[in-house]
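Report on the following structure.
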Amino acid sequence: MTSTEKRIGNAANFVDERLGAAGWVKKSLNKVFPDHWSFMLGEVCMYSFIILLLSGTFLTFWFDPSQRDVIYEGVYEPLKGLKMSAAYASTLDISFEVRGGLLMRQIHHWAANIFMAAIVAHLLRVFFTGAFRKPREFNWILGILLLTLGLVEGLLGYSLPDDLLSGTGLRITSAIIQAIPVVGTYISFFLFGGAFPGVGFIPRIFTLHILIIPGIFLAVITIHVMLVWYQKHTQFPGVGRTETNVVGHPILPVYMAKAGGFFFVVFGIIAFLSAVASINPIWLYGPYTPGQISAGSQPDWYMGWLDGLVRMAPPLETHAFGHTISWNILLPAVIVPGIIFTGMALYPFIESWITGDKREHHLLDRPRNVPNRTALGVMSITFVMISLINGGNDIIATNFDLSINQIMWFSRIGIFILPPLAFIITKRLCLSLQRADRELLLHGAESGRLLRLPHGEFVEVHTPISAEKAFLLQSHEQLTPLEIEDVDARGVRRPGAIKSKIQRRLSKAHAVSVPKVTEQELKEIENH
Amino acid sequence: MSNELIPIDDSVAPQHAPRATDINPVSEKRAEQQIAILFGLSGVGSVLLIYSYIFVSKDVFIFIPIMGNQNTQQLGIGIGMAMSLFFIGIAAIHWAKTLMPDKEIVNHRHEFRSSDEDRAELVKTVKEGVAGVQLGRRKLIKRSLGAAIGLFALPPVLLLRDLGPLPKKQLETTNWKAGTRLLTDPGNRPILASDLEVGSVVQVLPAVDHPEERPLSDIAKDPVLLIRLRPEDFQLTPEKFAMTHEGIIAFSKICSHMGCAVALYEQQTKHLLCPCHQSTFDVTRGAKVIFGPAARPLPQLDITVDAEGYLVSRAPFNEAVGPSFWERNSQ
Amino acid sequence: MKRLSRYRRHKAAGPLLLIFALLAIGTTFSVASATVKESQTVFVRSASIEEGKQIFLKGCSSCHGLNAEGGAIAPSLVGVGAASVDFQVGTGRMPMADMSTQAMRKAPVYNEEETAALAAYVASLAPGPSIPAESVLNYERDGNSAQGGELFRNNCAMCHNFAGQGGALSQGKYAPTLMGVEPKHIYEAMITGPQSMPVFSDKTITPAEKLSLIKWIKAAEAEPNLGGATMGRIGPVSEGLLAWVLGLGLLIGIAVWLTTRAR
């Protein structure tokens with residue numbers, strides 16, 4: 001035994017005699033994680049979160065979360081002598097007086113943007129591959145919770161410096177809260193500490209932003225990752241992969257090296273972006289005052305789709321009995337997002353109700369093999385893209401010489417027409433891809449070479465596909481619609497028949513797919 | 001020969017081709033050197049960071065193509081940090097890919113459902129435990145417990161009452177009263193009607209006791225936009241026309257939609273555009289909404305001139321300014 | 001020809017052909033549409049109303065009328081003053097080339113003497129705002145950039161954006177960028193209110209305040225991008241685009257590299 005081994009052995013013995021962890025550690029180090037680039041999106045989220053914690057802590061050492069008025073006497077000339085809040089002034093000091101301060105501010109903000117982008121990309125990956133199915137429905141709900149928390153945390157975070165752009169965003173937030181019937185004005189006055197902008201808002205959102213929400217994040221992320229650890233990660237179908245195993249590299253040493261290395265890569269790329277690309281130049285925006293506004297005022301992109309929905313909303317208000325209900329605010333900012341997020345959270349249960357599938361699933365779907373779900377996903381993406389585009393309609397109009405009115409009308413009509421169109425097109429595309437797979441399996445790949453047979457016929461030479469590819473192409477399950485009997489043997493109607501009629505219809509639509517290649521067909525082809 | 005679907009055949013094993021570094025010692029050596037170089041680059045980055053932090057002055061600028069003049073210290077610290085982090089990661093990943101063992105291993109999954117015995121034992125334990133509480137039998141305890149917990153839920157909510165004042169009338173009143181002078185913003189100068197030309201626009205705030213120290217919550221309600229047109233350009237009802245003065249019309253600058261400052265005045269079309277959500281108001285028709293999500297026109301301020309010729313408000317706003325709320329009487 | 005046809009099936013043939021076609025069409029278009037700027041260089045030694053009238057009749061009267069009384073497609077110039085002419089002609093907006101949404105800044109057609117002559121002629125029609133003298137425009141000495149910034153955010157940022165980059169108005173109109181505009185033209189735009197821009201007379205924004213505004217605009221123009229490249233100083237829209245395209249794109253690229261087997 002070498003001296004290093006002896007020393008490590010003594011240390012391990014010290015710990016083991018107190019915790020008895022040898023068995024668990026051995027199992028963990030041999031745990032396997034499957035390899036696919038799309039599985040790393042969740043890691044990007046997690047690493048960006050850690051980077052947010054680190055850079056955020058740095059910033060708290062200099063940031064002053066107060067709305068009291070100060071006169072700026074720092075180095076930035078165009079703001080010298082102006083009255084501003086201490087929050088804004090301290091952010092200017094971080095940017096211009098603290099070495100590395102502006103870099104850290106930018107790392108924090110770029111990391112936040114990438115965090116949200118990775119969450120969305122990760123959500124889409126989980127959705128399109130069906131990784132949310134049993135037993136992972138709860139983890140999916142936790143993920144939706146993380147998405148929602150992320151939106152709020154980002155909004156609060158970029159509002160802390162109290163600049164003109166984010167202050168305008170807070171004005172809009174207070175208008176949304178105020179518009180809630182009956183209790184809106186009370187909630188708004190309590191949150192802001194009085195009439196907008198109040199004197200207590202920045203300190204309060206500071207507490208929310210650095211303590212409460214990160215605390216919730218840490219707890220939820222821990223449960224989220226522990227569930228993946230315990231339930232084991234899903235994997236794509238392939239040779240040697242089944243519903244009862246996981247194939248991949250062990251944690252020690254390969255996965256640790258790759259995943260650990262990826263953390264440094266994520267941090268490095270965020271740092272690179274922060275070094276070369278400016279983000280949130282608050283000194284150009286100016287301190288917040290409700291009497292000023294800039295052209296092209298938008299929230300950060302992850303709130304931009306909400307802004308787009310608000311812009312395209314119809315100008316509806318109900319004025320009755322001395323009261324006002326602002327549908328033009330409640331519909332796009334509260335009701336529609338509420339329906340969307342609730343629908344997203346419940347989707348695993350909705351889909352299992354439609355398909356009647358109550359089994360565990362650990363092998364992922366290739367998106368083309370579940371045309372209905374894939375089309376639904378693309379439809380949702382289209383919806384969000386249109387509202388996102390409308391959220392930036394004035395920027396688009398300025399830079400591409402268009403008219404905001406035209407973009408607005410395009411969005412108002414498009415938001416109803418384009419998503420269903422996207423659904424239909426995507427479903428057809430998936431079915432075509434399934435047919436192409438079928439052709440590939442039965443006949444092989446087209447090689448582009450033509451052969452002229454002795455009797456004059458031209459045929460195209462097909463190259464047979466590899467055994468692994470063939471395995472993959474027929475490893476999916478044939479989708480079958482639900483069989484529910486509405487009427488029993490004696491002709492009595494079941495109670496809840498309407499619900500099951502809807503279920504049957506949806507299940508039939510969900511099961512539309514190209515039939516799998518059967519053994520007989522394969523044999524026929526071989527004999528051809 | 002059946003028409004059944006082909007059963008999944010696990011026996012087709014994946015081809016396991018060795019990597020170049022597994023079989024070729026030259027490749028292996030090269031990979032090692034590459035990894036060492038990558039770690040070295042990370043070190044270069046760290047040195048760059050330290051050097052920029054300590055030795056580069058804060059006001060040195062350097063010209064980079066495309067990006068223009070950049071702050072050298074900021075760029076040095078940033079690129080240094082990026083390099084030092086990035087290349088550690090790339091080196092570790094390259095090491096794992098080329099030199100660490102390539103073999104995939106298999107873990108087995110077990111079904112999550114607990115065994116029937118475990119389940120039965122759990123049910124038994126819970127039933128015995130709950131039976132020990134005997135809540136069903138002890139009605140007095142159950143009722144008093146319910147009352148205590150119910151009351152206990154109220155204080156946490158109540159303790160937050162002092163977060164803010166009740167709204168009362170704050171949303172419906174501004175600093176504009178009868179006879180309040182209009183002051184320019186910024187500058188706090190009173191305005192003569194003749195100071196405004198046709199086509200000009202100016203933002204004004206009401207005269208208050210300490211105009212230099214207006215609280216922001218006042219600035220969230222008070223700003224008014226003065227616009228001068230020719231009197232014949234207006235298409236207003238007689239009451240609204242009476243609130244103008246020689247072609248000068250005054251509107252609240254706070255958007256009736258969500259409270260942004262409505263200030264884009266298009267002189268030729270005489271439209272006011274709010275940049276937040278593109279609500280468009282027609283000034284000639286009393287700031288009527290002609291496009292966008294706003295549902296109400298901007299409140300109009302009744303203005304006239306005082307004895308010295310300065311513009312003053314004749315009366316407070318006749319409705320609440322800013323975004324709508326439940327208690328707002330918008331008829 | 002045989003040599004070319006041998007590479008017909010090369011896998012780079014398609015993209016190369018596409019690039020070549022794009023370059024060819026692009027170059028042809030820009031060459032063909034290059035406007036031949038032939039200013040009738042009549043060298044005038046002093047701004048004279050008569051010479052201004054001649055230039056006006058030749059280049060402006062077809063839209064603005066023989067007596068500058070205006071018409072269906074152009075407004076009357078009676079009373080707009082020398083400042084309007086100096087601004088519109090000096091920034092190249094007039095003569096208007098593209099009769100669509102609004103006149104845009106372009107290379108001026110008339111040189112300084114001709115512009116001065118035109119301005120003198122229009123000023124002679126009726127009193128109006130006059131061109132500010134050089135002595136009045138010493139913004140470096142007489143302006144305060146912090147006050148200018150406050151004024152800018154109060155009166156200008158809502159159309160021209162917080163950094164003077166320009167913004168959208170309704171129906172395709174726009175407030176142009178303020179970068180690269182002469183201080184004289186900024187001053188004239190404020191007092192004449194060109195096109196959609198309202199008038200900011202000297203009574204509502206005093207001359208000293210106007211100089212502060214100009215000083216701030218020039219400082220913003222000269223200010224380097226302190227945090228890195230800004231993608232136009234237009235706010236979070238471009239930042240979000242960069243986060244997705246460059247940030248997530250690079251990370252996904254590395255993730256793909258990470259999970260592929262070494263050869």
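Every chain in the structure tokens takes a letter, A first, then B, and so on in the order presented; its residues are numbered from 1, and the ligands are numbered from 1 following the presented order.
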
Write out, as a Markdown table, each residue of chain A that has an atom at most 6 Å from chain C, together with the closest pair of atoms and their distance in Å to one decimal, counting only C-alpha atoms, rows going by chain and rising number.
| residue | atom | partner | partner_atom | distance |
| --- | --- | --- | --- | --- |
| A:Asp35 | CA | C:Thr259 | CA | 6.0 |
| A:His36 | CA | C:Thr259 | CA | 5.8 |
| A:Trp37 | CA | C:Val256 | CA | 4.9 |
| A:Pro78 | CA | C:Ala146 | CA | 4.4 |
| A:Leu79 | CA | C:Ala146 | CA | 4.9 |
| A:Lys80 | CA | C:Ala146 | CA | 6.0 |
| A:Ile114 | CA | C:Ala243 | CA | 5.9 |
| A:Val276 | CA | C:Gly228 | CA | 4.5 |
| A:Ala277 | CA | C:Gly228 | CA | 4.4 |
| A:Ser278 | CA | C:Gly228 | CA | 4.4 |
| A:Tyr285 | CA | C:Phe162 | CA | 5.7 |
| A:Gln292 | CA | C:Asn154 | CA | 5.3 |
| A:Ile293 | CA | C:Met158 | CA | 5.3 |
| A:Ser294 | CA | C:Met158 | CA | 4.2 |
| A:Ala295 | CA | C:Asn161 | CA | 4.5 |
| A:Asp300 | CA | C:Pro236 | CA | 5.2 |
| A:Trp301 | CA | C:Gly240 | CA | 5.2 |
| A:Asp394 | CA | C:Ala168 | CA | 5.4 |
| A:Thr398 | CA | C:Ala168 | CA | 5.2 |
| A:Leu402 | CA | C:Gly172 | CA | 5.5 |
| A:Ser403 | CA | C:Gly172 | CA | 3.7 |
| A:Asn405 | CA | C:Gln171 | CA | 5.8 |

Output as a VMD selection string the set of chain A residues within 6 Å of chain B, with distances taken over only C-alpha atoms.
-> chain A and resid 172 175 178 to 179 181 to 182 189 to 190 193 to 197 240 244 to 249 254 257 to 258 261 to 262 264 to 265 268 271 to 272 275 290 to 293 295 311 313 to 316 319 322 to 325 518 to 520

Preceding selection exported with N, CA and C atoms as a compact mmCIF listing (two decimals), in the first residue's frame:
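File written: part_22.txt
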# COMPACT_ATOMS: atom_id res chain seq x y z
N ILE A 172 -45.99 48.90 -14.35
CA ILE A 172 -46.91 48.01 -15.02
C ILE A 172 -47.33 46.88 -14.08
N ALA A 175 -49.91 48.15 -11.83
CA ALA A 175 -51.19 48.30 -12.51
C ALA A 175 -51.90 46.96 -12.62
N GLN A 178 -53.20 46.21 -9.17
CA GLN A 178 -54.29 47.13 -8.88
C GLN A 178 -55.57 46.71 -9.60
N ALA A 179 -55.42 46.07 -10.74
CA ALA A 179 -56.59 45.74 -11.55
C ALA A 179 -57.37 44.56 -11.00
N PRO A 181 -59.89 42.60 -9.05
CA PRO A 181 -61.12 43.12 -8.46
C PRO A 181 -61.11 42.99 -6.94
N VAL A 182 -61.79 43.90 -6.29
CA VAL A 182 -62.05 43.93 -4.84
C VAL A 182 -60.79 44.21 -4.02
N PHE A 189 -51.13 48.62 -2.36
CA PHE A 189 -50.66 49.56 -1.33
C PHE A 189 -49.83 48.85 -0.27
N PHE A 190 -50.22 47.61 0.06
CA PHE A 190 -49.45 46.89 1.07
C PHE A 190 -48.08 46.50 0.54
N GLY A 193 -45.99 49.65 0.00
CA GLY A 193 -45.86 50.54 1.15
C GLY A 193 -46.47 51.90 0.86
N GLY A 194 -47.61 51.92 0.14
CA GLY A 194 -48.26 53.19 -0.16
C GLY A 194 -48.55 53.28 -1.64
N ALA A 195 -48.88 54.51 -2.08
CA ALA A 195 -49.14 54.71 -3.50
C ALA A 195 -47.86 54.49 -4.28
N PHE A 196 -47.99 53.98 -5.52
CA PHE A 196 -46.81 53.76 -6.34
C PHE A 196 -46.00 55.03 -6.48
N PRO A 197 -44.64 55.05 -6.45
CA PRO A 197 -43.79 53.88 -6.24
C PRO A 197 -43.53 53.50 -4.79
N GLY A 240 -29.65 -2.65 -26.34
CA GLY A 240 -29.19 -2.88 -24.96
C GLY A 240 -29.92 -2.04 -23.94
N THR A 244 -36.09 -1.58 -17.98
CA THR A 244 -35.66 -1.97 -16.64
C THR A 244 -34.17 -1.81 -16.43
N ASN A 245 -33.50 -1.03 -17.30
CA ASN A 245 -32.09 -0.78 -17.01
C ASN A 245 -31.71 0.64 -17.39
N VAL A 246 -30.51 1.05 -16.98
CA VAL A 246 -29.93 2.32 -17.43
C VAL A 246 -28.53 2.01 -17.93
N VAL A 247 -28.19 2.51 -19.11
CA VAL A 247 -26.87 2.25 -19.69
C VAL A 247 -26.13 3.57 -19.80
N GLY A 248 -24.90 3.60 -19.31
CA GLY A 248 -24.16 4.85 -19.42
C GLY A 248 -22.81 4.73 -18.76
N HIS A 249 -22.22 5.87 -18.44
CA HIS A 249 -20.91 5.88 -17.80
C HIS A 249 -21.08 6.07 -16.30
N VAL A 254 -15.76 9.02 -15.07
CA VAL A 254 -16.09 9.72 -16.32
C VAL A 254 -17.14 10.81 -16.12
N ALA A 257 -15.95 13.84 -14.23
CA ALA A 257 -15.07 14.70 -15.02
C ALA A 257 -15.87 15.50 -16.03
N LYS A 258 -16.80 14.82 -16.72
CA LYS A 258 -17.55 15.52 -17.75
C LYS A 258 -18.50 16.55 -17.14
N GLY A 261 -16.47 19.27 -15.45
CA GLY A 261 -15.90 20.12 -16.49
C GLY A 261 -16.94 21.02 -17.11
N PHE A 262 -18.15 20.49 -17.29
CA PHE A 262 -19.19 21.28 -17.92
C PHE A 262 -19.56 22.49 -17.06
N PHE A 264 -17.48 24.26 -15.32
CA PHE A 264 -16.50 25.29 -15.62
C PHE A 264 -16.73 25.88 -17.00
N VAL A 265 -17.18 25.05 -17.93
CA VAL A 265 -17.46 25.55 -19.28
C VAL A 265 -18.61 26.55 -19.24
N GLY A 268 -17.45 29.62 -17.68
CA GLY A 268 -16.52 30.32 -18.57
C GLY A 268 -17.25 31.04 -19.70
N ALA A 271 -18.97 34.05 -18.32
CA ALA A 271 -17.99 35.10 -18.05
C ALA A 271 -17.53 35.75 -19.35
N PHE A 272 -17.34 34.94 -20.39
CA PHE A 272 -16.93 35.49 -21.68
C PHE A 272 -17.98 36.46 -22.22
N ALA A 275 -17.83 39.61 -20.47
CA ALA A 275 -16.67 40.45 -20.75
C ALA A 275 -16.86 41.23 -22.04
N PRO A 290 -41.49 58.39 -12.30
CA PRO A 290 -42.68 57.98 -13.07
C PRO A 290 -43.04 58.93 -14.19
N GLY A 291 -42.43 60.12 -14.23
CA GLY A 291 -42.79 61.07 -15.28
C GLY A 291 -42.00 60.89 -16.55
N GLN A 292 -41.06 59.92 -16.58
CA GLN A 292 -40.23 59.73 -17.76
C GLN A 292 -40.45 58.36 -18.33
N ILE A 293 -40.09 58.20 -19.61
CA ILE A 293 -40.20 56.90 -20.27
C ILE A 293 -39.29 56.90 -21.48
N ALA A 295 -38.52 55.23 -25.41
CA ALA A 295 -39.07 54.43 -26.50
C ALA A 295 -38.44 53.06 -26.44
N ARG A 311 -50.01 43.89 -24.99
CA ARG A 311 -50.10 44.84 -26.09
C ARG A 311 -51.22 44.51 -27.04
N ALA A 313 -53.95 42.88 -26.44
CA ALA A 313 -55.26 42.65 -25.83
C ALA A 313 -56.27 43.66 -26.35
N PRO A 314 -57.54 43.25 -26.46
CA PRO A 314 -58.57 44.19 -26.89
C PRO A 314 -58.87 45.20 -25.78
N PRO A 315 -59.25 46.41 -26.12
CA PRO A 315 -59.44 47.48 -25.12
C PRO A 315 -60.75 47.32 -24.36
N LEU A 316 -60.87 46.26 -23.56
CA LEU A 316 -62.14 45.95 -22.90
C LEU A 316 -62.11 46.30 -21.43
N HIS A 319 -67.55 48.89 -16.99
CA HIS A 319 -67.83 49.95 -16.02
C HIS A 319 -69.26 49.75 -15.55
N GLY A 322 -70.51 51.82 -10.47
CA GLY A 322 -69.43 52.56 -9.81
C GLY A 322 -68.14 51.78 -9.66
N HIS A 323 -68.02 50.66 -10.39
CA HIS A 323 -66.79 49.88 -10.30
C HIS A 323 -66.24 49.60 -11.69
N THR A 324 -64.96 49.29 -11.74
CA THR A 324 -64.32 49.03 -13.04
C THR A 324 -63.60 47.69 -12.99
N ILE A 325 -63.80 46.89 -14.01
CA ILE A 325 -63.01 45.67 -14.16
C ILE A 325 -62.26 45.79 -15.48
N THR A 518 -44.49 -4.99 -39.43
CA THR A 518 -44.76 -6.29 -38.81
C THR A 518 -43.75 -7.31 -39.30
N GLU A 519 -43.67 -8.43 -38.56
CA GLU A 519 -42.72 -9.48 -38.90
C GLU A 519 -42.97 -10.00 -40.31
N GLN A 520 -44.23 -10.13 -40.64
CA GLN A 520 -44.56 -10.70 -41.94
C GLN A 520 -44.05 -9.80 -43.06

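Take the candidates C:Ile73, C:Met190, C:Ala83, C:Leu213 and check each one against Pro132 (chain C) using only C-alpha atoms; the shortest distance goes to C:Ala83.
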
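Shortest separation to chain B among C:Asp98, C:Glu51, C:Glu69, C:Glu209 occurs at residue C:Glu209, atoms counted being only C-alpha atoms.
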
Fewer than 2 positions away in the same chain doesn't count, so skip those; otherwise give me all residues within 12 Å of region 444-460 of chain A, counting only C-alpha atoms, as a compact mmCIF listing (two decimals) with N, CA and C atoms, in the first residue's frame.
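Saved file selection-v3.txt follows:
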# COMPACT_ATOMS: atom_id res chain seq x y z
N ALA A 436 -41.15 7.69 -43.40
CA ALA A 436 -39.77 7.60 -43.88
C ALA A 436 -39.01 6.54 -43.10
N ASP A 437 -39.23 6.50 -41.77
CA ASP A 437 -38.57 5.47 -40.95
C ASP A 437 -38.97 4.08 -41.41
N ARG A 438 -40.26 3.94 -41.70
CA ARG A 438 -40.78 2.65 -42.15
C ARG A 438 -40.10 2.21 -43.44
N GLU A 439 -39.99 3.16 -44.37
CA GLU A 439 -39.33 2.88 -45.64
C GLU A 439 -37.90 2.46 -45.41
N LEU A 440 -37.23 3.18 -44.50
CA LEU A 440 -35.83 2.90 -44.20
C LEU A 440 -35.69 1.49 -43.65
N LEU A 441 -36.61 1.11 -42.80
CA LEU A 441 -36.54 -0.20 -42.17
C LEU A 441 -36.80 -1.31 -43.19
N LEU A 442 -37.81 -1.09 -44.04
CA LEU A 442 -38.19 -2.14 -44.98
C LEU A 442 -37.24 -2.24 -46.16
N HIS A 462 -30.45 0.30 -52.89
CA HIS A 462 -30.64 0.71 -51.49
C HIS A 462 -29.58 0.05 -50.63
N THR A 463 -29.00 0.83 -49.73
CA THR A 463 -28.03 0.23 -48.81
C THR A 463 -28.75 -0.14 -47.53
N PRO A 464 -28.54 -1.35 -47.06
CA PRO A 464 -29.22 -1.74 -45.81
C PRO A 464 -28.70 -0.93 -44.63
N ILE A 465 -29.60 -0.70 -43.68
CA ILE A 465 -29.19 0.09 -42.52
C ILE A 465 -28.56 -0.81 -41.48
N SER A 466 -27.80 -0.20 -40.56
CA SER A 466 -27.10 -0.99 -39.56
C SER A 466 -28.11 -1.64 -38.62
N ALA A 467 -27.65 -2.66 -37.93
CA ALA A 467 -28.54 -3.38 -37.01
C ALA A 467 -29.02 -2.47 -35.89
N LYS A 469 -29.49 0.77 -36.02
CA LYS A 469 -30.50 1.70 -36.54
C LYS A 469 -31.83 0.96 -36.70
N ALA A 470 -31.75 -0.26 -37.24
CA ALA A 470 -32.98 -1.04 -37.43
C ALA A 470 -33.67 -1.28 -36.10
N LEU A 473 -35.43 1.84 -35.03
CA LEU A 473 -36.61 2.24 -35.79
C LEU A 473 -37.84 1.45 -35.43
N LEU A 522 -41.60 -7.77 -42.99
CA LEU A 522 -40.14 -7.83 -43.06
C LEU A 522 -39.72 -9.08 -43.83
N ILE A 525 -40.26 -8.68 -47.54
CA ILE A 525 -39.23 -7.85 -48.18
C ILE A 525 -37.96 -8.66 -48.39
N GLU A 526 -37.63 -9.48 -47.37
CA GLU A 526 -36.40 -10.26 -47.48
C GLU A 526 -36.45 -11.21 -48.66
N ARG C 9 -20.90 17.35 -58.80
CA ARG C 9 -21.53 16.65 -57.68
C ARG C 9 -20.79 16.84 -56.36

Please tabulate, as CSV, the residues of chain B that come within 6 Å of chain C, each with its closest pair of atoms and the distance in Å to one decimal, counting only C-alpha atoms and ordering rows by chain, then residue number upward.
residue,atom,partner,partner_atom,distance
B:Arg19,CA,C:Arg263,CA,5.0
B:Ala20,CA,C:Arg263,CA,5.9
B:Met67,CA,C:Ala229,CA,5.0
B:Asn69,CA,C:Pro224,CA,5.4
B:Lys97,CA,C:Ala262,CA,5.8
B:Thr98,CA,C:Ala262,CA,5.9
B:Asp195,CA,C:Lys203,CA,5.3
B:Gly199,CA,C:Pro198,CA,5.5
B:Ser200,CA,C:Val199,CA,4.0
B:Leu264,CA,C:Cys159,CA,5.8
B:Glu266,CA,C:Ser196,CA,4.6
B:Gln267,CA,C:Ser196,CA,4.6
B:Gln268,CA,C:Ser196,CA,5.2

Would you please give, as number ranges by chain, all residues of region 45-157 of chain B that DSSP assigns to helix (DSSP H, G or I) based on the backbone?
-> B: 45-55, 72-98, 116-133, 139-152, 154-157

Residue subset to file, keeping C-alpha atoms, as a short mmCIF file (atom, residue, chain, number, x, y, z; two decimals), in the first residue's frame:
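So part-v5.cif came out as:
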data_model
loop_
_atom_site.label_atom_id
_atom_site.label_comp_id
_atom_site.auth_asym_id
_atom_site.auth_seq_id
_atom_site.Cartn_x
_atom_site.Cartn_y
_atom_site.Cartn_z
CA GLY B 45 -6.38 33.38 -18.04
CA SER B 46 -5.91 33.55 -14.30
CA VAL B 47 -2.71 35.53 -14.73
CA LEU B 48 -4.48 37.92 -17.09
CA LEU B 49 -7.20 38.46 -14.52
CA ILE B 50 -4.74 39.16 -11.71
CA TYR B 51 -2.66 41.46 -13.89
CA SER B 52 -5.67 43.48 -15.09
CA TYR B 53 -7.08 43.80 -11.60
CA ILE B 54 -3.85 45.08 -10.03
CA PHE B 55 -1.91 46.85 -12.73
CA THR B 72 -9.22 47.63 -20.76
CA GLN B 73 -9.40 46.68 -17.09
CA GLN B 74 -12.94 45.38 -17.44
CA LEU B 75 -12.05 43.45 -20.58
CA GLY B 76 -8.90 42.01 -19.03
CA ILE B 77 -10.59 40.83 -15.87
CA GLY B 78 -13.49 39.42 -17.85
CA ILE B 79 -11.54 37.59 -20.55
CA GLY B 80 -9.09 36.38 -17.90
CA MET B 81 -11.90 34.96 -15.79
CA ALA B 82 -13.56 33.42 -18.82
CA MET B 83 -10.35 31.73 -19.96
CA SER B 84 -9.39 30.44 -16.53
CA LEU B 85 -12.79 28.82 -16.06
CA PHE B 86 -13.47 27.65 -19.60
CA PHE B 87 -10.23 25.83 -20.22
CA ILE B 88 -10.35 23.88 -16.97
CA GLY B 89 -13.70 22.59 -18.14
CA ILE B 90 -12.55 21.77 -21.66
CA ALA B 91 -9.46 20.04 -20.34
CA ALA B 92 -11.49 17.86 -17.96
CA ILE B 93 -13.97 16.94 -20.67
CA HIS B 94 -11.25 16.18 -23.20
CA TRP B 95 -9.51 14.02 -20.61
CA ALA B 96 -12.70 12.10 -19.94
CA LYS B 97 -13.39 11.60 -23.63
CA THR B 98 -9.94 10.50 -24.74
CA ASP B 116 -47.20 -6.00 -0.55
CA GLU B 117 -45.80 -6.95 2.87
CA ASP B 118 -44.24 -3.51 3.34
CA ARG B 119 -47.49 -1.89 2.38
CA ALA B 120 -49.52 -4.02 4.73
CA GLU B 121 -47.11 -3.28 7.58
CA LEU B 122 -47.32 0.46 6.89
CA VAL B 123 -51.11 0.38 6.92
CA LYS B 124 -51.03 -1.50 10.21
CA THR B 125 -48.61 0.98 11.79
CA VAL B 126 -50.62 3.98 10.68
CA LYS B 127 -53.89 2.48 11.80
CA GLU B 128 -52.50 1.66 15.23
CA GLY B 129 -51.01 5.14 15.55
CA VAL B 130 -54.15 6.93 14.56
CA ALA B 131 -56.19 4.71 16.82
CA GLY B 132 -53.97 5.89 19.66
CA VAL B 133 -55.07 9.44 19.04
CA LYS B 139 -65.09 15.15 20.56
CA LEU B 140 -64.26 17.88 23.10
CA ILE B 141 -60.57 17.74 22.21
CA LYS B 142 -61.39 17.71 18.50
CA ARG B 143 -63.57 20.80 18.71
CA SER B 144 -61.24 22.81 20.93
CA LEU B 145 -58.26 21.83 18.74
CA GLY B 146 -60.12 23.01 15.66
CA ALA B 147 -60.97 26.32 17.28
CA ALA B 148 -57.39 26.91 18.47
CA ILE B 149 -55.84 26.18 15.08
CA GLY B 150 -58.46 28.23 13.30
CA LEU B 151 -57.78 31.27 15.47
CA PHE B 152 -54.04 30.64 15.25
CA LEU B 154 -55.29 34.80 11.85
CA PRO B 155 -52.34 36.54 13.63
CA PRO B 156 -49.73 35.84 10.89
CA VAL B 157 -51.97 37.61 8.39
#

Could you pull out the residues in region 30-134 of chain A that DSSP calls strand (DSSP E or B) from the backbone, as a list in words?
-> Val32, Phe33, Asp69, Val70, Ile71, Lys83, Met84 and Ser85 of chain A

Resulting file, chosen residues, N, CA and C atoms, as a short mmCIF file (atom, residue, chain, number, x, y, z; two decimals), in the first residue's frame:
data_model
loop_
_atom_site.label_atom_id
_atom_site.label_comp_id
_atom_site.auth_asym_id
_atom_site.auth_seq_id
_atom_site.Cartn_x
_atom_site.Cartn_y
_atom_site.Cartn_z
N VAL A 32 -25.01 5.23 -12.72
CA VAL A 32 -24.80 5.45 -14.15
C VAL A 32 -25.72 6.56 -14.64
N PHE A 33 -25.18 7.45 -15.46
CA PHE A 33 -26.01 8.46 -16.10
C PHE A 33 -25.90 8.32 -17.60
N ASP A 69 -33.35 59.26 -1.05
CA ASP A 69 -32.73 60.09 -2.08
C ASP A 69 -31.29 60.43 -1.72
N VAL A 70 -30.43 60.31 -2.70
CA VAL A 70 -29.05 60.76 -2.53
C VAL A 70 -28.70 61.61 -3.74
N ILE A 71 -27.66 62.44 -3.63
CA ILE A 71 -27.15 63.19 -4.78
C ILE A 71 -25.90 62.45 -5.26
N LYS A 83 -30.37 63.90 -8.41
CA LYS A 83 -30.99 63.22 -7.29
C LYS A 83 -31.42 61.84 -7.75
N MET A 84 -31.12 60.83 -6.94
CA MET A 84 -31.51 59.47 -7.32
C MET A 84 -31.62 58.64 -6.06
N SER A 85 -32.15 57.42 -6.19
CA SER A 85 -32.28 56.57 -5.01
C SER A 85 -30.91 55.97 -4.67
#
